[in-house]
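Encoded as structure tokens, the structure appears first; notes follow it.
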Amino acid sequence: MKTTIKLALLALGLSFGVQAQQDRNLDNFRQPDQRGINVFEDPKDEKSTFDGVKVRIGGASTLQYQALEHQNSGAVPLIAIGNNFNLATANLDLDVALYHGVRMHLRTYLSSRHHPEPYVKGGYILIDRLDFIKENFAENLMKYVTFKFGHMEINYGDAHFRRTDNAQAIYNPFVGTYILDDFTTEVGMEIYYRRNGFIGMFGVTNGKLNQGANAPSATSPSIVAKIGYDKQINDDFRLRLTGSMYQSAQSARTYLFGGDRAGSRYYFVMEPTNATSAGNFSSGLVNPGLTNKLNAIMINPFLKYKGLEFFGMYETISGRTTAETERRNWSQISGELLYRFGKEDKFYVAGRYTTVDGTLAATQTVAKTDISVSRFQMAAGWFLTKNILTKIEYVSQKYNDYPTNSILRDGKFNGFTAEAVISF
């Protein structure tokens, strides 16, 4: 990781020494500040402003104050938690314009709940033009087509565009994410076709979060696909509706619901007395443990009328572990209503309700068990500038029908968290 820091510092020096006076905006780039809100896939514009390699140094930093309490009736006691600040998190982003319509992105977590030391989340190369083959090569096709390659966050569903990615929390109007947090990074490629509001995407990955050439027959490629429609109907109303799928025919371990190495925003909730921040980094999240033969489908409606926004999710999942012979089913339903107001939409209030239903795997002492989890969130935020956001959230989460020997038996947590975000 020392090498990563040295490369980052070198790039920083080059960007200031060579490109100090250049515009920091890049082509087809989602801005990492307030301007990037409600942007999903990277924008598509066939125009090019490329006039030489340009390095954009960006990043984010967040800090939370947590005032949560939790309780259960299970056989395992909970760790004592109080009111205090959590570990500050930080990201480093390198975005590089390499050629006409060719851009690279690399994100490094400088500090996260799971890893206090820096490590690379992932990166990709985005191709919107094929001028590196020949000037204006296939330009009529490339008006609508984008290629994306890398060890990258896969484009399953729309919720991952609104979630917190370690320190990058400015797109998320809440402090927490979702109960089933769909997120993973895999090596693969995605091909996009976008025209007149229509969105189509097909992708193939190697199905692995941790890369390696060992165990060649344990995991087969995974398929990711998305189809939808996104249109600004008039000056006041925008409509977006997408359906996505992720399919893994065979895997030693699928990480779709456990791929976030940064960690949950709710520190230590529903954790045992020996819990550590890094070791128990998924507090408040639910991982269904469907690591093999996974089929997942997500439908996301997004409607925006002036300052009023609705974002919804319906997700259905089936799969099993390598030790199981029968599939288990899970579902997640969520609805979010938000209103932005004030000059330049500096303020907002929001509410979200999420429910999860599913079947836990059998153990030596407990048969398969049907459980449910619900979460209610209310939040308010203030953009001090386009790069600085402060928000406060009330959250209440309840666990139902867990086995008597589970720490989550009759579990619940609630309280307030406040978060300050800087993103540039």
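Numbering starts fresh at 1 for the residues of each chain in the structure tokens, the chains themselves are lettered A, B, ... in the order given, and ligands are numbered from 1 as they appear.
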If we count only C-alpha atoms and set the cut-off at 12 Å, which residues sit around A:Ile37, ignoring sequence neighbours fewer than 3 positions away in its own chain? Please answer as a PyMOL selection string.
chain A and resi 30-34+40-42+161-163+168-173+309+340+345+383+386-387
Residue selection dump (N, CA, C and O atoms) as a JSON list (two decimals), in the first residue's frame:
[["chain", "number", "residue", "atom", "x", "y", "z"],
["A", 30, "ARG", "N", -19.16, 11.68, -13.81],
["A", 30, "ARG", "CA", -20.09, 12.00, -12.74],
["A", 30, "ARG", "C", -19.37, 12.83, -11.68],
["A", 30, "ARG", "O", -18.43, 12.37, -11.05],
["A", 31, "GLN", "N", -19.85, 14.05, -11.50],
["A", 31, "GLN", "CA", -19.19, 14.95, -10.55],
["A", 31, "GLN", "C", -19.30, 14.41, -9.13],
["A", 31, "GLN", "O", -20.36, 13.93, -8.71],
["A", 32, "PRO", "N", -18.22, 14.48, -8.35],
["A", 32, "PRO", "CA", -18.23, 13.91, -6.99],
["A", 32, "PRO", "C", -18.79, 14.88, -5.95],
["A", 32, "PRO", "O", -18.44, 14.79, -4.77],
["A", 33, "ASP", "N", -19.63, 15.80, -6.37],
["A", 33, "ASP", "CA", -20.21, 16.77, -5.44],
["A", 33, "ASP", "C", -21.72, 16.81, -5.67],
["A", 33, "ASP", "O", -22.30, 15.88, -6.23],
["A", 34, "GLN", "N", -22.37, 17.89, -5.26],
["A", 34, "GLN", "CA", -23.83, 17.98, -5.36],
["A", 34, "GLN", "C", -24.31, 17.80, -6.80],
["A", 34, "GLN", "O", -25.41, 17.31, -7.03],
["A", 40, "PHE", "N", -26.84, 8.41, -12.53],
["A", 40, "PHE", "CA", -26.68, 6.97, -12.35],
["A", 40, "PHE", "C", -25.46, 6.51, -13.14],
["A", 40, "PHE", "O", -24.34, 6.73, -12.69],
["A", 41, "GLU", "N", -25.63, 5.88, -14.28],
["A", 41, "GLU", "CA", -24.46, 5.54, -15.08],
["A", 41, "GLU", "C", -23.71, 6.82, -15.48],
["A", 41, "GLU", "O", -24.30, 7.90, -15.54],
["A", 42, "ASP", "N", -22.40, 6.68, -15.74],
["A", 42, "ASP", "CA", -21.62, 7.83, -16.19],
["A", 42, "ASP", "C", -22.29, 8.43, -17.43],
["A", 42, "ASP", "O", -22.74, 7.70, -18.31],
["A", 161, "PHE", "N", -25.87, 3.28, -6.90],
["A", 161, "PHE", "CA", -25.50, 4.65, -7.27],
["A", 161, "PHE", "C", -25.85, 5.65, -6.18],
["A", 161, "PHE", "O", -25.36, 6.78, -6.19],
["A", 162, "ARG", "N", -26.71, 5.27, -5.23],
["A", 162, "ARG", "CA", -27.16, 6.17, -4.17],
["A", 162, "ARG", "C", -26.62, 5.77, -2.81],
["A", 162, "ARG", "O", -26.96, 6.40, -1.80],
["A", 163, "ARG", "N", -25.80, 4.75, -2.75],
["A", 163, "ARG", "CA", -25.28, 4.29, -1.47],
["A", 163, "ARG", "C", -23.98, 5.01, -1.13],
["A", 163, "ARG", "O", -23.35, 5.66, -1.97],
["A", 168, "GLN", "N", -17.23, 8.37, 0.29],
["A", 168, "GLN", "CA", -18.06, 9.06, -0.71],
["A", 168, "GLN", "C", -19.52, 8.91, -0.29],
["A", 168, "GLN", "O", -20.21, 7.97, -0.68],
["A", 169, "ALA", "N", -20.00, 9.84, 0.51],
["A", 169, "ALA", "CA", -21.35, 9.76, 1.08],
["A", 169, "ALA", "C", -22.24, 10.90, 0.62],
["A", 169, "ALA", "O", -23.34, 11.06, 1.14],
["A", 170, "ILE", "N", -21.79, 11.68, -0.36],
["A", 170, "ILE", "CA", -22.56, 12.87, -0.74],
["A", 170, "ILE", "C", -23.76, 12.52, -1.61],
["A", 170, "ILE", "O", -24.73, 13.28, -1.67],
["A", 171, "TYR", "N", -23.74, 11.35, -2.26],
["A", 171, "TYR", "CA", -24.88, 10.94, -3.09],
["A", 171, "TYR", "C", -26.00, 10.32, -2.26],
["A", 171, "TYR", "O", -27.13, 10.20, -2.72],
["A", 172, "ASN", "N", -25.68, 9.88, -1.05],
["A", 172, "ASN", "CA", -26.63, 9.19, -0.18],
["A", 172, "ASN", "C", -27.31, 10.21, 0.73],
["A", 172, "ASN", "O", -26.66, 10.83, 1.56],
["A", 173, "PRO", "N", -28.64, 10.39, 0.60],
["A", 173, "PRO", "CA", -29.31, 11.35, 1.47],
["A", 173, "PRO", "C", -29.43, 10.88, 2.91],
["A", 173, "PRO", "O", -29.70, 11.69, 3.81],
["A", 309, "GLU", "N", -38.84, 13.76, -4.90],
["A", 309, "GLU", "CA", -38.24, 12.58, -5.51],
["A", 309, "GLU", "C", -38.76, 11.31, -4.85],
["A", 309, "GLU", "O", -38.95, 11.27, -3.62],
["A", 340, "ARG", "N", -36.35, 18.27, -1.86],
["A", 340, "ARG", "CA", -35.25, 19.24, -1.85],
["A", 340, "ARG", "C", -35.84, 20.64, -1.99],
["A", 340, "ARG", "O", -36.76, 20.86, -2.79],
["A", 345, "ASP", "N", -31.35, 24.11, -4.10],
["A", 345, "ASP", "CA", -31.67, 22.84, -3.41],
["A", 345, "ASP", "C", -30.67, 22.52, -2.31],
["A", 345, "ASP", "O", -30.23, 21.37, -2.15],
["A", 383, "PHE", "N", -26.54, 21.31, 2.33],
["A", 383, "PHE", "CA", -25.32, 21.52, 1.56],
["A", 383, "PHE", "C", -24.78, 22.90, 1.88],
["A", 383, "PHE", "O", -25.29, 23.92, 1.40],
["A", 386, "LYS", "N", -21.44, 23.10, -2.56],
["A", 386, "LYS", "CA", -21.69, 21.92, -3.39],
["A", 386, "LYS", "C", -20.78, 20.76, -3.00],
["A", 386, "LYS", "O", -21.07, 19.59, -3.36],
["A", 387, "ASN", "N", -19.70, 21.02, -2.25],
["A", 387, "ASN", "CA", -18.75, 19.99, -1.85],
["A", 387, "ASN", "C", -18.89, 19.57, -0.39],
["A", 387, "ASN", "O", -18.21, 18.62, 0.04]]
Where does DSSP see helix (DSSP H, G or I) in stretch 8-129 of chain A, if you list the residues as a VMD selection string?
chain A and resid 8 to 19 34 to 36
Quick one: write out the picked residues with C-alpha atoms as a JSON list (two decimals), in the first residue's frame?
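This went into result39.json:
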[["chain", "number", "residue", "atom", "x", "y", "z"],
["A", 8, "ALA", "CA", -0.85, 9.02, -5.70],
["A", 9, "LEU", "CA", 1.63, 11.65, -4.55],
["A", 10, "LEU", "CA", 3.47, 11.42, -7.86],
["A", 11, "ALA", "CA", 0.23, 11.86, -9.77],
["A", 12, "LEU", "CA", -0.67, 14.77, -7.53],
["A", 13, "GLY", "CA", 2.63, 16.46, -8.26],
["A", 14, "LEU", "CA", 2.23, 15.90, -11.98],
["A", 15, "SER", "CA", -1.31, 17.21, -12.00],
["A", 16, "PHE", "CA", -0.32, 20.41, -10.23],
["A", 17, "GLY", "CA", 2.94, 20.85, -12.09],
["A", 18, "VAL", "CA", 1.68, 20.11, -15.59],
["A", 19, "GLN", "CA", -2.10, 20.61, -15.52],
["A", 34, "GLN", "CA", -23.83, 17.98, -5.36],
["A", 35, "ARG", "CA", -23.89, 18.05, -9.19],
["A", 36, "GLY", "CA", -23.53, 14.25, -9.23]]
Find the residues around stretch 121-134 of chain A up to 7 Å (only C-alpha atoms counted), leave out those fewer than 2 positions away in its own chain, and share them as a compact mmCIF listing (two decimals) with N, CA, C and O atoms, in the first residue's frame.
# COMPACT_ATOMS: atom_id res chain seq x y z
N GLU A 46 -20.93 12.03 -26.98
CA GLU A 46 -19.89 11.66 -27.94
C GLU A 46 -18.89 12.77 -28.21
O GLU A 46 -17.85 12.56 -28.82
N HIS A 100 -9.12 10.69 -26.64
CA HIS A 100 -10.47 11.09 -27.01
C HIS A 100 -11.46 9.99 -26.61
O HIS A 100 -11.40 8.87 -27.15
N GLY A 101 -12.35 10.28 -25.67
CA GLY A 101 -13.36 9.32 -25.28
C GLY A 101 -12.85 8.15 -24.47
O GLY A 101 -13.55 7.14 -24.33
N VAL A 102 -11.65 8.24 -23.90
CA VAL A 102 -11.09 7.16 -23.09
C VAL A 102 -10.68 7.74 -21.74
O VAL A 102 -9.88 8.68 -21.67
N ARG A 103 -11.24 7.16 -20.67
CA ARG A 103 -10.98 7.67 -19.32
C ARG A 103 -10.74 6.51 -18.36
O ARG A 103 -11.35 5.44 -18.50
N MET A 104 -9.88 6.73 -17.39
CA MET A 104 -9.59 5.75 -16.36
C MET A 104 -10.04 6.29 -15.01
O MET A 104 -9.93 7.48 -14.72
N HIS A 105 -10.54 5.38 -14.16
CA HIS A 105 -10.90 5.73 -12.78
C HIS A 105 -10.26 4.74 -11.83
O HIS A 105 -10.24 3.53 -12.08
N LEU A 106 -9.72 5.24 -10.71
CA LEU A 106 -9.15 4.39 -9.67
C LEU A 106 -9.52 4.98 -8.32
O LEU A 106 -9.30 6.18 -8.07
N ARG A 107 -10.09 4.15 -7.44
CA ARG A 107 -10.44 4.61 -6.08
C ARG A 107 -9.68 3.81 -5.05
O ARG A 107 -9.64 2.58 -5.10
N THR A 108 -9.07 4.53 -4.11
CA THR A 108 -8.36 3.93 -2.99
C THR A 108 -9.02 4.37 -1.69
O THR A 108 -9.28 5.56 -1.50
N TYR A 109 -9.29 3.41 -0.82
CA TYR A 109 -9.77 3.73 0.52
C TYR A 109 -8.55 4.03 1.39
O TYR A 109 -7.78 3.14 1.73
N TYR A 119 -6.04 0.80 0.96
CA TYR A 119 -6.05 -0.30 0.00
C TYR A 119 -6.96 0.08 -1.16
O TYR A 119 -7.87 0.89 -1.01
N ASN A 136 -12.58 8.88 -35.80
CA ASN A 136 -14.01 8.73 -36.10
C ASN A 136 -14.38 7.29 -36.46
O ASN A 136 -15.37 7.06 -37.15
N PHE A 137 -13.59 6.34 -35.96
CA PHE A 137 -13.88 4.94 -36.24
C PHE A 137 -15.22 4.55 -35.63
O PHE A 137 -15.46 4.76 -34.44
N MET A 142 -20.75 4.47 -31.97
CA MET A 142 -20.25 4.92 -30.66
C MET A 142 -21.01 6.13 -30.13
O MET A 142 -20.77 6.55 -28.99
N VAL A 145 -22.91 3.71 -27.81
CA VAL A 145 -22.28 2.57 -27.14
C VAL A 145 -21.15 3.03 -26.23
O VAL A 145 -20.41 3.95 -26.57
N THR A 146 -21.05 2.37 -25.07
CA THR A 146 -19.94 2.58 -24.13
C THR A 146 -19.41 1.23 -23.70
O THR A 146 -20.18 0.30 -23.43
N PHE A 147 -18.07 1.12 -23.64
CA PHE A 147 -17.42 -0.08 -23.11
C PHE A 147 -16.77 0.25 -21.77
O PHE A 147 -16.17 1.31 -21.60
N LYS A 148 -16.88 -0.68 -20.85
CA LYS A 148 -16.29 -0.50 -19.52
C LYS A 148 -15.59 -1.79 -19.12
O LYS A 148 -16.19 -2.87 -19.14
N PHE A 149 -14.29 -1.69 -18.77
CA PHE A 149 -13.49 -2.85 -18.38
C PHE A 149 -12.79 -2.54 -17.06
O PHE A 149 -12.36 -1.41 -16.83
N GLY A 150 -12.63 -3.56 -16.21
CA GLY A 150 -11.83 -3.34 -15.02
C GLY A 150 -12.13 -4.31 -13.90
O GLY A 150 -12.93 -5.25 -14.03
N HIS A 151 -11.45 -4.11 -12.78
CA HIS A 151 -11.78 -4.76 -11.50
C HIS A 151 -12.62 -3.74 -10.77
O HIS A 151 -12.09 -2.87 -10.08
N MET A 152 -13.94 -3.83 -10.92
CA MET A 152 -14.79 -2.66 -10.68
C MET A 152 -16.09 -3.04 -9.98
O MET A 152 -16.48 -4.21 -9.91
Pick out the residues sitting within 8 Å of stretch 313-328 of chain A, and hand them over as a list in words; count only C-alpha atoms, and ignore anything fewer than 5 positions along from it in its own chain.
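Surrounding residues, per the criterion: Ala159, Ala252, Arg253, Gly289, Leu290, Thr291, Asn292, Lys293, Leu294, Asn295, Ala296, Ile297, Met298, Ile299, Asn300, Pro301, Ile333, Ser334, Gly335, Gly358, Thr359, Leu360 and Ala361 of chain A.
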Residues of stretch 192-351 of chain A in strand (DSSP E or B) according to DSSP, as number ranges by chain?
A: 192-195, 198-205, 222-232, 237-248, 272, 292-305, 308-320, 328-341, 347-351
Atoms to include: C-alpha atoms. Write the selected residues as a PDB file, in the first residue's frame.
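Here's the written file selection-v2.pdb:
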ATOM      1  CA  TYR A 192     -23.889  -0.143 -22.747  1.00  0.00           C
ATOM      2  CA  TYR A 193     -26.308   0.976 -25.422  1.00  0.00           C
ATOM      3  CA  ARG A 194     -28.180   4.233 -24.700  1.00  0.00           C
ATOM      4  CA  ARG A 195     -30.477   6.007 -27.143  1.00  0.00           C
ATOM      5  CA  PHE A 198     -33.455   3.672 -23.576  1.00  0.00           C
ATOM      6  CA  ILE A 199     -30.760   1.954 -21.495  1.00  0.00           C
ATOM      7  CA  GLY A 200     -29.393  -1.509 -22.188  1.00  0.00           C
ATOM      8  CA  MET A 201     -26.375  -3.101 -20.523  1.00  0.00           C
ATOM      9  CA  PHE A 202     -24.825  -6.563 -20.665  1.00  0.00           C
ATOM     10  CA  GLY A 203     -21.802  -7.595 -18.652  1.00  0.00           C
ATOM     11  CA  VAL A 204     -19.685 -10.634 -17.856  1.00  0.00           C
ATOM     12  CA  THR A 205     -17.359 -10.988 -14.853  1.00  0.00           C
ATOM     13  CA  SER A 222     -21.220 -14.328 -13.682  1.00  0.00           C
ATOM     14  CA  ILE A 223     -23.670 -12.404 -15.865  1.00  0.00           C
ATOM     15  CA  VAL A 224     -24.923  -8.887 -15.163  1.00  0.00           C
ATOM     16  CA  ALA A 225     -27.611  -7.172 -17.229  1.00  0.00           C
ATOM     17  CA  LYS A 226     -29.811  -4.099 -17.083  1.00  0.00           C
ATOM     18  CA  ILE A 227     -32.595  -2.679 -19.194  1.00  0.00           C
ATOM     19  CA  GLY A 228     -34.523   0.506 -18.610  1.00  0.00           C
ATOM     20  CA  TYR A 229     -35.731   3.928 -19.585  1.00  0.00           C
ATOM     21  CA  ASP A 230     -34.533   7.315 -18.275  1.00  0.00           C
ATOM     22  CA  LYS A 231     -36.039  10.504 -19.668  1.00  0.00           C
ATOM     23  CA  GLN A 232     -36.494  14.124 -18.664  1.00  0.00           C
ATOM     24  CA  PHE A 237     -40.621  15.822 -14.435  1.00  0.00           C
ATOM     25  CA  ARG A 238     -38.073  13.016 -14.860  1.00  0.00           C
ATOM     26  CA  LEU A 239     -38.884   9.316 -15.099  1.00  0.00           C
ATOM     27  CA  ARG A 240     -36.465   6.414 -14.778  1.00  0.00           C
ATOM     28  CA  LEU A 241     -37.353   2.739 -14.545  1.00  0.00           C
ATOM     29  CA  THR A 242     -34.803  -0.079 -14.705  1.00  0.00           C
ATOM     30  CA  GLY A 243     -34.653  -3.816 -14.208  1.00  0.00           C
ATOM     31  CA  SER A 244     -31.377  -5.584 -13.418  1.00  0.00           C
ATOM     32  CA  MET A 245     -30.178  -9.134 -12.972  1.00  0.00           C
ATOM     33  CA  TYR A 246     -27.111 -10.878 -11.569  1.00  0.00           C
ATOM     34  CA  GLN A 247     -26.592 -14.583 -12.159  1.00  0.00           C
ATOM     35  CA  SER A 248     -23.826 -16.846 -10.926  1.00  0.00           C
ATOM     36  CA  PRO A 272     -21.287  -9.488  20.781  1.00  0.00           C
ATOM     37  CA  ASN A 292     -23.516 -20.232  -4.823  1.00  0.00           C
ATOM     38  CA  LYS A 293     -25.914 -20.550  -7.800  1.00  0.00           C
ATOM     39  CA  LEU A 294     -27.186 -17.060  -7.117  1.00  0.00           C
ATOM     40  CA  ASN A 295     -29.996 -15.464  -9.131  1.00  0.00           C
ATOM     41  CA  ALA A 296     -30.888 -11.882  -8.227  1.00  0.00           C
ATOM     42  CA  ILE A 297     -33.321  -9.462  -9.864  1.00  0.00           C
ATOM     43  CA  MET A 298     -33.859  -5.822  -8.886  1.00  0.00           C
ATOM     44  CA  ILE A 299     -36.431  -3.340 -10.184  1.00  0.00           C
ATOM     45  CA  ASN A 300     -35.929   0.377  -9.461  1.00  0.00           C
ATOM     46  CA  PRO A 301     -38.391   3.191 -10.220  1.00  0.00           C
ATOM     47  CA  PHE A 302     -37.173   6.789  -9.864  1.00  0.00           C
ATOM     48  CA  LEU A 303     -39.500   9.755 -10.267  1.00  0.00           C
ATOM     49  CA  LYS A 304     -38.600  13.403  -9.799  1.00  0.00           C
ATOM     50  CA  TYR A 305     -41.113  16.229  -9.970  1.00  0.00           C
ATOM     51  CA  LEU A 308     -39.938  15.933  -4.895  1.00  0.00           C
ATOM     52  CA  GLU A 309     -38.241  12.582  -5.515  1.00  0.00           C
ATOM     53  CA  PHE A 310     -39.245   8.945  -5.126  1.00  0.00           C
ATOM     54  CA  PHE A 311     -36.806   6.042  -5.372  1.00  0.00           C
ATOM     55  CA  GLY A 312     -38.016   2.480  -4.978  1.00  0.00           C
ATOM     56  CA  MET A 313     -36.627  -1.027  -4.920  1.00  0.00           C
ATOM     57  CA  TYR A 314     -38.079  -4.480  -5.362  1.00  0.00           C
ATOM     58  CA  GLU A 315     -35.538  -7.271  -5.191  1.00  0.00           C
ATOM     59  CA  THR A 316     -35.912 -11.031  -5.283  1.00  0.00           C
ATOM     60  CA  ILE A 317     -33.014 -13.440  -4.711  1.00  0.00           C
ATOM     61  CA  SER A 318     -32.518 -17.192  -4.696  1.00  0.00           C
ATOM     62  CA  GLY A 319     -29.428 -19.287  -4.121  1.00  0.00           C
ATOM     63  CA  ARG A 320     -27.645 -21.568  -1.701  1.00  0.00           C
ATOM     64  CA  ARG A 328     -33.356 -20.468  -0.307  1.00  0.00           C
ATOM     65  CA  ASN A 329     -35.327 -17.358  -1.242  1.00  0.00           C
ATOM     66  CA  TRP A 330     -35.018 -13.765  -0.044  1.00  0.00           C
ATOM     67  CA  SER A 331     -36.652 -10.471  -0.973  1.00  0.00           C
ATOM     68  CA  GLN A 332     -36.103  -6.786  -0.230  1.00  0.00           C
ATOM     69  CA  ILE A 333     -38.622  -3.976  -0.729  1.00  0.00           C
ATOM     70  CA  SER A 334     -37.791  -0.328  -0.121  1.00  0.00           C
ATOM     71  CA  GLY A 335     -39.419   3.021  -0.753  1.00  0.00           C
ATOM     72  CA  GLU A 336     -37.786   6.433  -0.328  1.00  0.00           C
ATOM     73  CA  LEU A 337     -39.429   9.845  -0.513  1.00  0.00           C
ATOM     74  CA  LEU A 338     -37.326  13.000  -0.528  1.00  0.00           C
ATOM     75  CA  TYR A 339     -37.962  16.721  -0.925  1.00  0.00           C
ATOM     76  CA  ARG A 340     -35.252  19.240  -1.854  1.00  0.00           C
ATOM     77  CA  PHE A 341     -35.809  22.932  -1.278  1.00  0.00           C
ATOM     78  CA  PHE A 347     -31.734  21.567   1.948  1.00  0.00           C
ATOM     79  CA  TYR A 348     -33.656  18.309   1.940  1.00  0.00           C
ATOM     80  CA  VAL A 349     -35.781  16.074   4.136  1.00  0.00           C
ATOM     81  CA  ALA A 350     -36.234  12.365   3.439  1.00  0.00           C
ATOM     82  CA  GLY A 351     -37.818   9.173   4.680  1.00  0.00           C
TER      83      GLY A 351
END
